[in-house]
Amino acid sequence: MKRIVASLAALAALSVAHVALAQEKKVMAVSIPAADHGWTGGVVYHAEREAKMLKERYPGLEIILKTSPDGAAQANALEDLTAQGIDALVTLPHNSDELTDPIRQVKDGGVFVTVVDRALSDPAIQDLYVAGNNLELGKVAGEYIKDRMKDGGDVAVIRGLPIVIDEERQKGFDEGIAGSKIKVLDRQFGNWSRDDAFKVMQDYLAKYPKIDAVWAQDDDMVVGILEAIEQSGRKDIQFVVGGAGMKDMIKRVADGDKMVPVDVLYPPAMIATAMDLTAAGLFDQNPVRGKYILDATLVTKDNAQEFYYPDSPF
């Protein structure tokens with residue numbers, strides 16, 4: 001009888017231990033920019049969407065999502081999050097230089113740090129880095145235009161902002177069209193803004209009587225570019241290639257719009273990938289340290305539905 005009681009007690013202890021393990025709590029903080037333009041609006045959407053799915057998958061996971069309007073506010077948010085006690089941080093920094101030290105302080109508290117998109121000045125701080133491929137975004141766009149215009153043509157380029165990301169995309173584009181007969185008419189900054197790109201495209205249309213195609217570094221700018229072309233009534237522009245994966249552009253591609261035949265991915269959904277990998281590291285003991293670089297996929301009519309999120313603001 002004593003043996004039976006002892007066995008039952010042992011089983012009960014194991015059961016309690018199992019329940020305790022199953023209910024182990026982990027806190028993941030997600031710090032991202034506020035939705036100040038289309039792409040960051042997509043980041044917020046995908047972060048909220050992924051948070052709901054992860055909570056269903058991991059009942060012991062608490063996710064604290066904070067959006068910040070600027071770098072200073074994000075630094076303050078990181079300090080507050082650390083004070084609350086967190087096990088992991090997933091962050092897309094407003095500005096790499098400004099946020100490197102605040103994120104270092106989080107890391108010094110023993111927190112697992114996942115950085116998204118904008119690499120820190122000191123990459124040793126991060127445990128995991130998830131990003132799109134800026135060089136490939138430009139290269140894939142350039143190669144598509146090169147293939148479409150085998151006999152050459154005049155291409156107008158609208159760049160983003162004068163920062164490293166822009167330089168990488170521009171370098172990739174130049175590599176993509178290398179060896180072709182394509183002539184780049186101009187390269188002006190549109191600041192990743194549809195309004196600024198609209199003005200730049202108006203200037204191009206006034207300055208150049210013949211433009212065969214346009215490459216823009218961002219889908220937000222394509223919106224302004226298409227509006228300027230439509231208002232001008234010009235028929236010489238054959239197509240426009242953008243990038244990022246805005247749902248309106250993906251829809252145009254899916255519908256066979258001749259002006260937007262393709263798009264190149266730099267998806268805001270990368271925040272969801274980062275959160276998913278971080279959670280897997282916390283709960284499943286999966287090895288997730290290192291770099292995870294997403295492909296700059298060429299979106300065509302054949303695969304567009306795979307990347308279409310109708311509920312996303314971007």
# chains A, B, ... in the order shown; residues from 1 in each chain; ligands from 1
>>> residues_around(residues="A:Asp263", least_positions_apart="6", cutoff="10 Å", atoms="only C-alpha atoms", output="tab-separated table (two decimals) with N, CA, C and O atoms, in the first residue's frame")
chain	number	residue	atom	x	y	z
A	137	LEU	N	16.90	43.61	-54.26
A	137	LEU	CA	15.70	44.32	-54.72
A	137	LEU	C	16.00	45.12	-55.98
A	137	LEU	O	15.28	45.07	-56.97
A	140	VAL	N	17.07	42.59	-58.97
A	140	VAL	CA	15.95	41.87	-59.58
A	140	VAL	C	15.15	42.80	-60.48
A	140	VAL	O	14.74	42.43	-61.59
A	141	ALA	N	14.94	44.04	-60.01
A	141	ALA	CA	14.23	45.02	-60.84
A	141	ALA	C	15.02	45.32	-62.12
A	141	ALA	O	14.45	45.37	-63.22
A	144	TYR	N	14.89	42.43	-64.60
A	144	TYR	CA	13.59	42.34	-65.28
A	144	TYR	C	13.52	43.36	-66.41
A	144	TYR	O	13.11	43.04	-67.54
A	218	ASP	N	10.44	52.16	-54.38
A	218	ASP	CA	9.41	51.90	-53.37
A	218	ASP	C	8.03	52.04	-54.01
A	218	ASP	O	7.81	52.91	-54.85
A	219	ASP	N	7.11	51.18	-53.60
A	219	ASP	CA	5.76	51.19	-54.17
A	219	ASP	C	4.98	52.46	-53.83
A	219	ASP	O	4.11	52.88	-54.60
A	240	VAL	N	6.11	50.56	-65.24
A	240	VAL	CA	6.81	51.07	-64.06
A	240	VAL	C	7.08	49.88	-63.14
A	240	VAL	O	6.19	49.05	-62.90
A	241	VAL	N	8.30	49.79	-62.63
A	241	VAL	CA	8.66	48.73	-61.68
A	241	VAL	C	8.97	49.37	-60.33
A	241	VAL	O	9.78	50.29	-60.24
A	242	GLY	N	8.30	48.89	-59.31
A	242	GLY	CA	8.54	49.38	-57.95
A	242	GLY	C	9.05	48.27	-57.06
A	242	GLY	O	9.64	47.29	-57.52
A	243	GLY	N	8.81	48.41	-55.77
A	243	GLY	CA	9.27	47.39	-54.83
A	243	GLY	C	8.68	47.57	-53.46
A	243	GLY	O	8.31	48.68	-53.08
A	244	ALA	N	8.58	46.48	-52.73
A	244	ALA	CA	8.16	46.40	-51.33
A	244	ALA	C	6.99	45.45	-51.15
A	244	ALA	O	6.90	44.75	-50.16
A	245	GLY	N	6.04	45.42	-52.07
A	245	GLY	CA	4.90	44.52	-51.92
A	245	GLY	C	3.63	45.18	-51.44
A	245	GLY	O	2.82	44.53	-50.76
A	246	MET	N	3.43	46.45	-51.78
A	246	MET	CA	2.18	47.14	-51.44
A	246	MET	C	1.00	46.37	-52.05
A	246	MET	O	1.04	45.95	-53.20
A	249	MET	N	-0.28	47.42	-55.46
A	249	MET	CA	0.59	47.04	-56.57
A	249	MET	C	0.51	45.53	-56.85
A	249	MET	O	0.49	45.11	-58.01
A	250	ILE	N	0.44	44.74	-55.78
A	250	ILE	CA	0.29	43.30	-55.96
A	250	ILE	C	-1.03	43.01	-56.68
A	250	ILE	O	-1.09	42.14	-57.57
A	252	ARG	N	-2.58	44.98	-58.79
A	252	ARG	CA	-2.40	45.37	-60.20
A	252	ARG	C	-1.67	44.27	-60.97
A	252	ARG	O	-2.02	43.94	-62.09
A	253	VAL	N	-0.63	43.73	-60.34
A	253	VAL	CA	0.12	42.66	-60.98
A	253	VAL	C	-0.79	41.45	-61.22
A	253	VAL	O	-0.81	40.86	-62.30
A	296	ALA	N	14.46	38.75	-52.42
A	296	ALA	CA	13.75	39.83	-53.12
A	296	ALA	C	12.99	39.18	-54.28
A	296	ALA	O	13.40	39.23	-55.43
A	297	THR	N	11.88	38.56	-53.94
A	297	THR	CA	11.11	37.77	-54.92
A	297	THR	C	10.48	38.67	-55.98
A	297	THR	O	9.93	39.72	-55.67
A	298	LEU	N	10.56	38.24	-57.22
A	298	LEU	CA	9.88	38.93	-58.30
A	298	LEU	C	8.43	38.46	-58.31
A	298	LEU	O	8.14	37.28	-58.53
A	299	VAL	N	7.53	39.39	-58.06
A	299	VAL	CA	6.10	39.08	-58.05
A	299	VAL	C	5.54	39.24	-59.46
A	299	VAL	O	5.66	40.31	-60.07
A	300	THR	N	4.96	38.18	-59.98
A	300	THR	CA	4.37	38.19	-61.30
A	300	THR	C	2.89	37.82	-61.21
A	300	THR	O	2.39	37.49	-60.12
A	301	LYS	N	2.22	37.84	-62.31
A	301	LYS	CA	0.80	37.47	-62.33
A	301	LYS	C	0.60	36.05	-61.82
A	301	LYS	O	-0.42	35.73	-61.21
A	304	ALA	N	1.30	36.25	-57.70
A	304	ALA	CA	0.89	37.44	-56.94
A	304	ALA	C	-0.04	37.13	-55.77
A	304	ALA	O	0.06	37.75	-54.70
>>> select_by_dssp(residues="stretch 276-312 of chain A", states="helix (DSSP H, G or I)", output="PyMOL selection string")
chain A and resi 276-283+304-307
>>> closest_residue(among="A:Ser232, A:Glu79, A:Gly179, A:Glu167", to="A:Phe198", atoms="only C-alpha atoms")
A:Ser232
>>> residues_around(residues="A:Gln188", least_positions_apart="6", cutoff="8 Å", atoms="only C-alpha atoms", output="list in words")
Val157, Ile158, Arg159 and Val200 of chain A
>>> select_by_dssp(residues="stretch 40-119 of chain A", states="strand (DSSP E)", output="MDAnalysis selection string")
chainID A and resid 61:68 88:91 112:116
>>> write_last_selection(atoms="N, CA and C atoms", output="PDB file, in the first residue's frame")
ATOM      1  N   LEU A  61       2.924  32.751 -23.742  1.00  0.00           N
ATOM      2  CA  LEU A  61       3.617  33.922 -24.288  1.00  0.00           C
ATOM      3  C   LEU A  61       2.802  35.204 -24.112  1.00  0.00           C
ATOM      4  N   GLU A  62       3.430  36.187 -23.511  1.00  0.00           N
ATOM      5  CA  GLU A  62       2.848  37.533 -23.448  1.00  0.00           C
ATOM      6  C   GLU A  62       3.620  38.423 -24.413  1.00  0.00           C
ATOM      7  N   ILE A  63       2.895  39.168 -25.241  1.00  0.00           N
ATOM      8  CA  ILE A  63       3.532  40.059 -26.210  1.00  0.00           C
ATOM      9  C   ILE A  63       3.125  41.493 -25.907  1.00  0.00           C
ATOM     10  N   ILE A  64       4.126  42.337 -25.723  1.00  0.00           N
ATOM     11  CA  ILE A  64       3.882  43.773 -25.506  1.00  0.00           C
ATOM     12  C   ILE A  64       4.324  44.504 -26.766  1.00  0.00           C
ATOM     13  N   LEU A  65       3.380  45.100 -27.467  1.00  0.00           N
ATOM     14  CA  LEU A  65       3.673  45.784 -28.720  1.00  0.00           C
ATOM     15  C   LEU A  65       3.647  47.295 -28.521  1.00  0.00           C
ATOM     16  N   LYS A  66       4.765  47.937 -28.834  1.00  0.00           N
ATOM     17  CA  LYS A  66       4.869  49.384 -28.682  1.00  0.00           C
ATOM     18  C   LYS A  66       5.270  50.015 -30.013  1.00  0.00           C
ATOM     19  N   THR A  67       4.536  51.050 -30.431  1.00  0.00           N
ATOM     20  CA  THR A  67       4.914  51.823 -31.617  1.00  0.00           C
ATOM     21  C   THR A  67       5.386  53.200 -31.164  1.00  0.00           C
ATOM     22  N   SER A  68       6.369  53.743 -31.876  1.00  0.00           N
ATOM     23  CA  SER A  68       6.963  55.030 -31.496  1.00  0.00           C
ATOM     24  C   SER A  68       7.062  55.942 -32.707  1.00  0.00           C
ATOM     25  N   ALA A  88      12.567  38.651 -24.335  1.00  0.00           N
ATOM     26  CA  ALA A  88      13.057  38.860 -25.691  1.00  0.00           C
ATOM     27  C   ALA A  88      12.547  40.197 -26.222  1.00  0.00           C
ATOM     28  N   LEU A  89      13.339  40.792 -27.095  1.00  0.00           N
ATOM     29  CA  LEU A  89      12.959  42.033 -27.757  1.00  0.00           C
ATOM     30  C   LEU A  89      13.068  41.839 -29.261  1.00  0.00           C
ATOM     31  N   VAL A  90      11.994  42.174 -29.968  1.00  0.00           N
ATOM     32  CA  VAL A  90      12.014  42.229 -31.428  1.00  0.00           C
ATOM     33  C   VAL A  90      11.833  43.697 -31.792  1.00  0.00           C
ATOM     34  N   THR A  91      12.810  44.258 -32.476  1.00  0.00           N
ATOM     35  CA  THR A  91      12.736  45.693 -32.744  1.00  0.00           C
ATOM     36  C   THR A  91      13.157  46.056 -34.157  1.00  0.00           C
ATOM     37  N   PHE A 112      17.116  38.417 -25.001  1.00  0.00           N
ATOM     38  CA  PHE A 112      17.389  37.967 -26.369  1.00  0.00           C
ATOM     39  C   PHE A 112      16.931  39.074 -27.324  1.00  0.00           C
ATOM     40  N   VAL A 113      17.812  39.537 -28.201  1.00  0.00           N
ATOM     41  CA  VAL A 113      17.511  40.690 -29.058  1.00  0.00           C
ATOM     42  C   VAL A 113      17.449  40.285 -30.531  1.00  0.00           C
ATOM     43  N   THR A 114      16.313  40.564 -31.140  1.00  0.00           N
ATOM     44  CA  THR A 114      16.133  40.368 -32.578  1.00  0.00           C
ATOM     45  C   THR A 114      15.955  41.731 -33.232  1.00  0.00           C
ATOM     46  N   VAL A 115      16.812  42.043 -34.185  1.00  0.00           N
ATOM     47  CA  VAL A 115      16.749  43.317 -34.905  1.00  0.00           C
ATOM     48  C   VAL A 115      16.205  43.055 -36.304  1.00  0.00           C
ATOM     49  N   VAL A 116      15.317  43.943 -36.745  1.00  0.00           N
ATOM     50  CA  VAL A 116      14.652  43.786 -38.035  1.00  0.00           C
ATOM     51  C   VAL A 116      14.988  44.952 -38.957  1.00  0.00           C
TER      52      VAL A 116
END
>>> residues_around(residues="A:Gly152", least_positions_apart="3", cutoff="10 Å", atoms="only C-alpha atoms", output="list in words")
Ile145, Lys146, Asp147, Arg148, Met149, Val155, Ser180, Lys181, Ile182, Lys183 and Asp212 of chain A
>>> write_last_selection(atoms="N, CA and C atoms", output="CSV table (one decimal), in the first residue's frame")
chain,number,residue,atom,x,y,z
A,145,ILE,N,13.9,44.6,-66.1
A,145,ILE,CA,13.9,45.6,-67.1
A,145,ILE,C,14.8,45.3,-68.3
A,146,LYS,N,16.0,44.8,-68.0
A,146,LYS,CA,17.0,44.4,-69.0
A,146,LYS,C,16.4,43.3,-69.9
A,147,ASP,N,15.7,42.4,-69.3
A,147,ASP,CA,15.1,41.3,-70.1
A,147,ASP,C,13.9,41.8,-70.9
A,148,ARG,N,13.1,42.7,-70.4
A,148,ARG,CA,12.0,43.3,-71.1
A,148,ARG,C,12.5,44.1,-72.3
A,149,MET,N,13.6,44.8,-72.1
A,149,MET,CA,14.1,45.8,-73.1
A,149,MET,C,15.4,45.3,-73.7
A,155,VAL,N,15.3,54.8,-69.6
A,155,VAL,CA,14.7,54.5,-68.3
A,155,VAL,C,15.0,55.6,-67.3
A,180,SER,N,23.7,45.9,-70.8
A,180,SER,CA,22.5,46.1,-71.7
A,180,SER,C,22.7,47.4,-72.5
A,181,LYS,N,21.7,47.7,-73.4
A,181,LYS,CA,21.7,48.9,-74.1
A,181,LYS,C,20.8,49.9,-73.5
A,182,ILE,N,20.4,49.7,-72.2
A,182,ILE,CA,19.5,50.6,-71.5
A,182,ILE,C,20.2,51.9,-71.2
A,183,LYS,N,19.6,53.0,-71.4
A,183,LYS,CA,20.1,54.3,-71.0
A,183,LYS,C,19.3,54.9,-69.9
A,212,ASP,N,10.8,55.2,-71.8
A,212,ASP,CA,10.3,53.9,-72.0
A,212,ASP,C,9.8,53.2,-70.8
>>> residues_around(residues="stretch 194-196 of chain A", least_positions_apart="2", cutoff="10 Å", atoms="only C-alpha atoms", output="PDB file with N, CA and C atoms, in the first residue's frame")
ATOM      1  N   HIS A  37       4.032  56.009 -42.703  1.00  0.00           N
ATOM      2  CA  HIS A  37       3.828  55.912 -44.145  1.00  0.00           C
ATOM      3  C   HIS A  37       3.419  54.466 -44.464  1.00  0.00           C
ATOM      4  N   GLY A  38       3.196  54.185 -45.723  1.00  0.00           N
ATOM      5  CA  GLY A  38       2.613  52.907 -46.106  1.00  0.00           C
ATOM      6  C   GLY A  38       3.339  51.681 -45.595  1.00  0.00           C
ATOM      7  N   ILE A 158      13.809  56.819 -60.023  1.00  0.00           N
ATOM      8  CA  ILE A 158      13.488  57.653 -58.861  1.00  0.00           C
ATOM      9  C   ILE A 158      13.967  56.916 -57.616  1.00  0.00           C
ATOM     10  N   GLY A 160      15.285  56.657 -53.427  1.00  0.00           N
ATOM     11  CA  GLY A 160      14.599  56.864 -52.162  1.00  0.00           C
ATOM     12  C   GLY A 160      15.155  58.059 -51.419  1.00  0.00           C
ATOM     13  N   PHE A 189      16.010  61.891 -56.245  1.00  0.00           N
ATOM     14  CA  PHE A 189      15.449  61.353 -55.004  1.00  0.00           C
ATOM     15  C   PHE A 189      13.969  61.704 -54.877  1.00  0.00           C
ATOM     16  N   GLY A 190      13.168  60.669 -54.590  1.00  0.00           N
ATOM     17  CA  GLY A 190      11.734  60.868 -54.332  1.00  0.00           C
ATOM     18  C   GLY A 190      11.394  60.687 -52.871  1.00  0.00           C
ATOM     19  N   ASN A 191      12.420  60.435 -52.049  1.00  0.00           N
ATOM     20  CA  ASN A 191      12.281  60.381 -50.584  1.00  0.00           C
ATOM     21  C   ASN A 191      11.266  59.345 -50.109  1.00  0.00           C
ATOM     22  N   TRP A 192      11.032  58.309 -50.925  1.00  0.00           N
ATOM     23  CA  TRP A 192      10.067  57.270 -50.599  1.00  0.00           C
ATOM     24  C   TRP A 192       8.691  57.858 -50.290  1.00  0.00           C
ATOM     25  N   PHE A 198       5.734  62.126 -57.247  1.00  0.00           N
ATOM     26  CA  PHE A 198       4.825  62.755 -58.217  1.00  0.00           C
ATOM     27  C   PHE A 198       5.487  63.987 -58.833  1.00  0.00           C
ATOM     28  N   LYS A 199       6.107  64.808 -57.988  1.00  0.00           N
ATOM     29  CA  LYS A 199       6.768  66.027 -58.475  1.00  0.00           C
ATOM     30  C   LYS A 199       7.979  65.695 -59.342  1.00  0.00           C
ATOM     31  N   VAL A 200       8.771  64.710 -58.913  1.00  0.00           N
ATOM     32  CA  VAL A 200       9.944  64.314 -59.697  1.00  0.00           C
ATOM     33  C   VAL A 200       9.509  63.786 -61.062  1.00  0.00           C
ATOM     34  N   MET A 201       8.450  62.989 -61.067  1.00  0.00           N
ATOM     35  CA  MET A 201       7.976  62.425 -62.337  1.00  0.00           C
ATOM     36  C   MET A 201       7.431  63.523 -63.245  1.00  0.00           C
ATOM     37  N   GLN A 202       6.790  64.506 -62.683  1.00  0.00           N
ATOM     38  CA  GLN A 202       6.334  65.652 -63.485  1.00  0.00           C
ATOM     39  C   GLN A 202       7.514  66.350 -64.150  1.00  0.00           C
ATOM     40  N   ASP A 218      10.440  52.155 -54.376  1.00  0.00           N
ATOM     41  CA  ASP A 218       9.414  51.900 -53.371  1.00  0.00           C
ATOM     42  C   ASP A 218       8.034  52.041 -54.007  1.00  0.00           C
ATOM     43  N   ASP A 219       7.105  51.177 -53.598  1.00  0.00           N
ATOM     44  CA  ASP A 219       5.758  51.193 -54.166  1.00  0.00           C
ATOM     45  C   ASP A 219       4.977  52.456 -53.827  1.00  0.00           C
ATOM     46  N   ASP A 220       5.246  53.050 -52.669  1.00  0.00           N
ATOM     47  CA  ASP A 220       4.582  54.322 -52.342  1.00  0.00           C
ATOM     48  C   ASP A 220       4.875  55.357 -53.424  1.00  0.00           C
ATOM     49  N   MET A 221       6.114  55.393 -53.882  1.00  0.00           N
ATOM     50  CA  MET A 221       6.482  56.352 -54.917  1.00  0.00           C
ATOM     51  C   MET A 221       5.810  56.011 -56.245  1.00  0.00           C
ATOM     52  N   VAL A 222       5.596  54.733 -56.506  1.00  0.00           N
ATOM     53  CA  VAL A 222       4.940  54.334 -57.753  1.00  0.00           C
ATOM     54  C   VAL A 222       3.536  54.919 -57.843  1.00  0.00           C
ATOM     55  N   VAL A 223       2.859  55.033 -56.710  1.00  0.00           N
ATOM     56  CA  VAL A 223       1.526  55.637 -56.705  1.00  0.00           C
ATOM     57  C   VAL A 223       1.578  57.050 -57.290  1.00  0.00           C
ATOM     58  N   GLY A 224       2.547  57.857 -56.822  1.00  0.00           N
ATOM     59  CA  GLY A 224       2.705  59.218 -57.339  1.00  0.00           C
ATOM     60  C   GLY A 224       3.140  59.241 -58.783  1.00  0.00           C
ATOM     61  N   ILE A 225       4.017  58.309 -59.154  1.00  0.00           N
ATOM     62  CA  ILE A 225       4.524  58.234 -60.527  1.00  0.00           C
ATOM     63  C   ILE A 225       3.389  57.947 -61.506  1.00  0.00           C
ATOM     64  N   LEU A 226       2.563  56.968 -61.170  1.00  0.00           N
ATOM     65  CA  LEU A 226       1.443  56.609 -62.043  1.00  0.00           C
ATOM     66  C   LEU A 226       0.451  57.762 -62.181  1.00  0.00           C
ATOM     67  N   GLU A 227       0.247  58.496 -61.115  1.00  0.00           N
ATOM     68  CA  GLU A 227      -0.668  59.648 -61.162  1.00  0.00           C
ATOM     69  C   GLU A 227      -0.120  60.732 -62.086  1.00  0.00           C
ATOM     70  N   ALA A 228       1.191  60.979 -62.007  1.00  0.00           N
ATOM     71  CA  ALA A 228       1.794  61.994 -62.877  1.00  0.00           C
ATOM     72  C   ALA A 228       1.704  61.572 -64.340  1.00  0.00           C
TER      73      ALA A 228
END
>>> closest_residue(among="A:Ala51, A:Leu135, A:Ile229, A:Ile103", to="A:Ser121", atoms="only C-alpha atoms")
A:Ile103
>>> closest_residue(among="A:Ala83, A:Ala156, A:Ala178, A:Ile237", to="A:Glu143", atoms="only C-alpha atoms")
A:Ala178
>>> residues_around(residues="A:Ala73", least_positions_apart="2", cutoff="12 Å", atoms="only C-alpha atoms", output="list in words")
Ser31, Ile32, Pro33, Ala34, Lys66, Thr67, Ser68, Pro69, Asp70, Gly71, Ala75, Asn76, Ala77, Leu78, Glu79, Asp80, Pro93, His94, Asn95, Glu98, Leu99 and Pro102 of chain A
>>> write_last_selection(atoms="C-alpha atoms", output="mmCIF file, in the first residue's frame")
data_model
loop_
_atom_site.group_PDB
_atom_site.id
_atom_site.type_symbol
_atom_site.label_atom_id
_atom_site.label_comp_id
_atom_site.auth_asym_id
_atom_site.auth_seq_id
_atom_site.Cartn_x
_atom_site.Cartn_y
_atom_site.Cartn_z
ATOM 1 C CA SER A 31 9.218 47.852 -30.562
ATOM 2 C CA ILE A 32 8.537 49.329 -33.999
ATOM 3 C CA PRO A 33 7.972 52.703 -35.664
ATOM 4 C CA ALA A 34 4.465 54.124 -35.743
ATOM 5 C CA LYS A 66 4.869 49.384 -28.682
ATOM 6 C CA THR A 67 4.914 51.823 -31.617
ATOM 7 C CA SER A 68 6.963 55.030 -31.496
ATOM 8 C CA PRO A 69 6.784 58.172 -33.669
ATOM 9 C CA ASP A 70 10.535 58.847 -33.627
ATOM 10 C CA GLY A 71 13.883 57.590 -32.385
ATOM 11 C CA ALA A 75 14.514 54.845 -26.884
ATOM 12 C CA ASN A 76 12.173 55.791 -24.023
ATOM 13 C CA ALA A 77 9.863 52.915 -24.917
ATOM 14 C CA LEU A 78 12.775 50.452 -24.772
ATOM 15 C CA GLU A 79 13.689 51.712 -21.303
ATOM 16 C CA ASP A 80 10.098 51.250 -20.119
ATOM 17 C CA PRO A 93 14.801 50.698 -35.091
ATOM 18 C CA HIS A 94 13.776 54.136 -36.282
ATOM 19 C CA ASN A 95 17.422 54.983 -36.756
ATOM 20 C CA GLU A 98 20.392 56.562 -32.447
ATOM 21 C CA LEU A 99 18.988 53.251 -31.174
ATOM 22 C CA PRO A 102 19.441 51.903 -26.015
#
>>> residues_around(residues="A:Asp101", least_positions_apart="4", cutoff="10 Å", atoms="only C-alpha atoms", output="short mmCIF file (atom, residue, chain, number, x, y, z; two decimals) with N, CA and C atoms, in the first residue's frame")
data_model
loop_
_atom_site.label_atom_id
_atom_site.label_comp_id
_atom_site.auth_asym_id
_atom_site.auth_seq_id
_atom_site.Cartn_x
_atom_site.Cartn_y
_atom_site.Cartn_z
N ALA A 75 13.52 55.07 -27.94
CA ALA A 75 14.51 54.85 -26.88
C ALA A 75 13.85 54.83 -25.51
N SER A 96 19.29 53.49 -36.90
CA SER A 96 20.27 52.54 -36.36
C SER A 96 21.26 53.19 -35.39
N ASP A 97 21.81 54.34 -35.76
CA ASP A 97 22.81 54.99 -34.91
C ASP A 97 22.21 55.44 -33.59
N GLN A 105 21.64 48.45 -24.01
CA GLN A 105 21.25 48.41 -22.60
C GLN A 105 20.22 47.31 -22.35
N VAL A 106 19.32 47.10 -23.30
CA VAL A 106 18.35 46.01 -23.19
C VAL A 106 19.09 44.67 -23.19
N LYS A 107 20.03 44.53 -24.11
CA LYS A 107 20.81 43.30 -24.23
C LYS A 107 21.60 43.02 -22.96
N LEU A 120 22.01 47.54 -36.67
CA LEU A 120 22.62 48.41 -35.68
C LEU A 120 24.04 48.77 -36.06
N SER A 121 24.53 49.86 -35.47
CA SER A 121 25.92 50.26 -35.71
C SER A 121 26.88 49.21 -35.17
N ASP A 122 26.46 48.50 -34.12
CA ASP A 122 27.25 47.42 -33.55
C ASP A 122 26.44 46.12 -33.66
N ILE A 125 25.51 43.26 -30.87
CA ILE A 125 24.45 43.36 -29.86
C ILE A 125 23.32 42.38 -30.14
#
>>> closest_residue(among="A:Val184, A:Val260, A:Ala29, A:Leu128", to="A:Leu81", atoms="only C-alpha atoms")
A:Ala29
>>> closest_residue(among="A:Trp39, A:Phe173, A:Phe239, A:Tyr45", to="A:Val262", atoms="only C-alpha atoms")
A:Phe239
>>> atom_distance(atom1="atom CA of A:Tyr129", atom2="atom CA of A:Asp36")
23.1 Å
